[in-house]
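Quick look at my_file19.pdb (PDB, C-alpha atoms):
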ATOM      1  CA  MET A   7      -1.755  26.161   5.272
ATOM      2  CA  GLY A   8      -1.163  23.524   7.934
ATOM      3  CA  LYS A   9      -4.197  21.443   6.979
ATOM      4  CA  SER A  10      -3.324  21.400   3.281
ATOM      5  CA  LEU A  11       0.263  20.442   4.109
ATOM      6  CA  MET A  12      -0.991  17.576   6.280
ATOM      7  CA  ASN A  13      -3.310  16.374   3.500
ATOM      8  CA  PHE A  14      -0.401  16.503   1.066
ATOM      9  CA  ALA A  15       1.782  14.499   3.457
ATOM     10  CA  LYS A  16      -0.948  11.877   3.917
ATOM     11  CA  GLY A  17      -1.400  11.598   0.156
ATOM     12  CA  MET A  18       2.302  11.321  -0.432
ATOM     13  CA  GLY A  19       2.653   8.626   2.232
ATOM     14  CA  LEU A  20      -0.250   6.684   0.786
ATOM     15  CA  GLY A  21       1.249   6.946  -2.705
ATOM     16  CA  ILE A  22       4.576   5.635  -1.470
ATOM     17  CA  ALA A  23       2.845   2.760   0.326
ATOM     18  CA  VAL A  24       0.839   1.805  -2.770
ATOM     19  CA  GLY A  25       3.971   1.982  -4.905
ATOM     20  CA  CYS A  26       5.860  -0.290  -2.522
ATOM     21  CA  MET A  27       3.005  -2.787  -2.497
ATOM     22  CA  ALA A  28       2.828  -2.768  -6.287
ATOM     23  CA  GLY A  29       6.576  -3.347  -6.489
ATOM     24  CA  ALA A  30       6.413  -6.234  -4.028
ATOM     25  CA  VAL A  31       3.521  -7.834  -5.902
ATOM     26  CA  ALA A  32       5.285  -7.427  -9.248
ATOM     27  CA  ASN A  33       8.458  -8.931  -7.819
ATOM     28  CA  GLN A  34       6.577 -11.959  -6.500
ATOM     29  CA  TYR A  35       4.800 -12.367  -9.824
ATOM     30  CA  VAL A  36       8.085 -12.489 -11.688
ATOM     31  CA  HIS A  37       9.619 -15.018  -9.309
ATOM     32  CA  SER A  38       6.700 -17.375  -8.708
ATOM     33  CA  GLY A  39       3.729 -19.015 -10.339
ATOM     34  CA  LYS A  40       0.181 -17.705 -10.480
ATOM     35  CA  ARG A  41      -0.831 -19.502  -7.306
ATOM     36  CA  GLY A  42       1.757 -17.584  -5.302
ATOM     37  CA  MET A  43       0.608 -14.393  -6.996
ATOM     38  CA  LYS A  44      -2.959 -14.718  -5.686
ATOM     39  CA  LYS A  45      -1.713 -15.257  -2.157
ATOM     40  CA  THR A  46       0.697 -12.329  -2.347
ATOM     41  CA  VAL A  47      -1.908  -9.964  -3.792
ATOM     42  CA  GLY A  48      -4.337 -10.929  -1.041
ATOM     43  CA  LYS A  49      -1.758 -10.227   1.653
ATOM     44  CA  ALA A  50      -0.730  -6.947   0.037
ATOM     45  CA  MET A  51      -4.330  -5.736  -0.209
ATOM     46  CA  LYS A  52      -4.981  -6.650   3.423
ATOM     47  CA  ASN A  53      -1.864  -4.799   4.570
ATOM     48  CA  LEU A  54      -2.719  -1.780   2.445
ATOM     49  CA  SER A  55      -6.251  -1.597   3.818
ATOM     50  CA  GLU A  56      -4.906  -1.784   7.376
ATOM     51  CA  LEU A  57      -2.424   1.007   6.592
ATOM     52  CA  VAL A  58      -5.142   3.263   5.177
ATOM     53  CA  GLU A  59      -7.330   2.576   8.209
ATOM     54  CA  ASP A  60      -4.453   3.406  10.574
ATOM     55  CA  LEU A  61      -3.730   6.635   8.698
ATOM     56  CA  GLY A  62      -7.370   7.629   8.990
ATOM     57  CA  GLU A  63      -7.340   7.019  12.723
ATOM     58  CA  MET A  64      -4.072   8.901  13.162
ATOM     59  CA  PHE A  65      -5.324  12.152  11.652
TER      60      PHE A  65
END
Rewrite the coordinates I just gave you, this time as structure tokens.
Amino acid sequence: MGKSLMNFAKGMGLGIAVGCMAGAVANQYVHSGKRGMKKTVGKAMKNLSELVEDLGEMF
């Protein structure tokens, strides 16, 4: 029970993180040109990959 609950919590946290990143990217896309979009997407992907790596190390 404990392991499945922990997996659920990790999945939920990852889903929230991805949703926040998608929202931030969409917001930047609406308010800036395409050049700013590429830069923002690159930063968001880097941050997301670091978050996933940290979550993997944590559990």
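Atom to atom, CA of Val24 (chain A) and CA of Leu54 (chain A) stand 7.3 Å apart.
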Separation of CA of Met27 (chain A) from CA of Ala15 (chain A) in Å
18.3 Å
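The space between CA of Leu57 (chain A) and CA of Val36 (chain A) spans 25.0 Å.
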Residues within 9 Å of Val31 (chain A), all atoms listed in the file, excluding chain neighbours under 5 positions, as JSON, numbers by chain:
{"A": [26, 36, 43, 46, 47, 50]}
The PyMOL selection byres ((chain A and resi 23) around 12) on the file shown: which residues, as a CSV table (one decimal) with C-alpha atoms, keeping the file's coordinate frame?
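Final output, saved to selection30.csv:
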chain,number,residue,atom,x,y,z
A,16,LYS,CA,-0.9,11.9,3.9
A,17,GLY,CA,-1.4,11.6,0.2
A,18,MET,CA,2.3,11.3,-0.4
A,19,GLY,CA,2.7,8.6,2.2
A,20,LEU,CA,-0.2,6.7,0.8
A,21,GLY,CA,1.2,6.9,-2.7
A,22,ILE,CA,4.6,5.6,-1.5
A,24,VAL,CA,0.8,1.8,-2.8
A,25,GLY,CA,4.0,2.0,-4.9
A,26,CYS,CA,5.9,-0.3,-2.5
A,27,MET,CA,3.0,-2.8,-2.5
A,28,ALA,CA,2.8,-2.8,-6.3
A,29,GLY,CA,6.6,-3.3,-6.5
A,30,ALA,CA,6.4,-6.2,-4.0
A,50,ALA,CA,-0.7,-6.9,0.0
A,51,MET,CA,-4.3,-5.7,-0.2
A,53,ASN,CA,-1.9,-4.8,4.6
A,54,LEU,CA,-2.7,-1.8,2.4
A,55,SER,CA,-6.3,-1.6,3.8
A,56,GLU,CA,-4.9,-1.8,7.4
A,57,LEU,CA,-2.4,1.0,6.6
A,58,VAL,CA,-5.1,3.3,5.2
A,61,LEU,CA,-3.7,6.6,8.7
Best match for closeness to Met12 (chain A) among A:Lys45, A:Asn33, A:Met64, A:Lys52, counting all atoms listed in the file
A:Met64
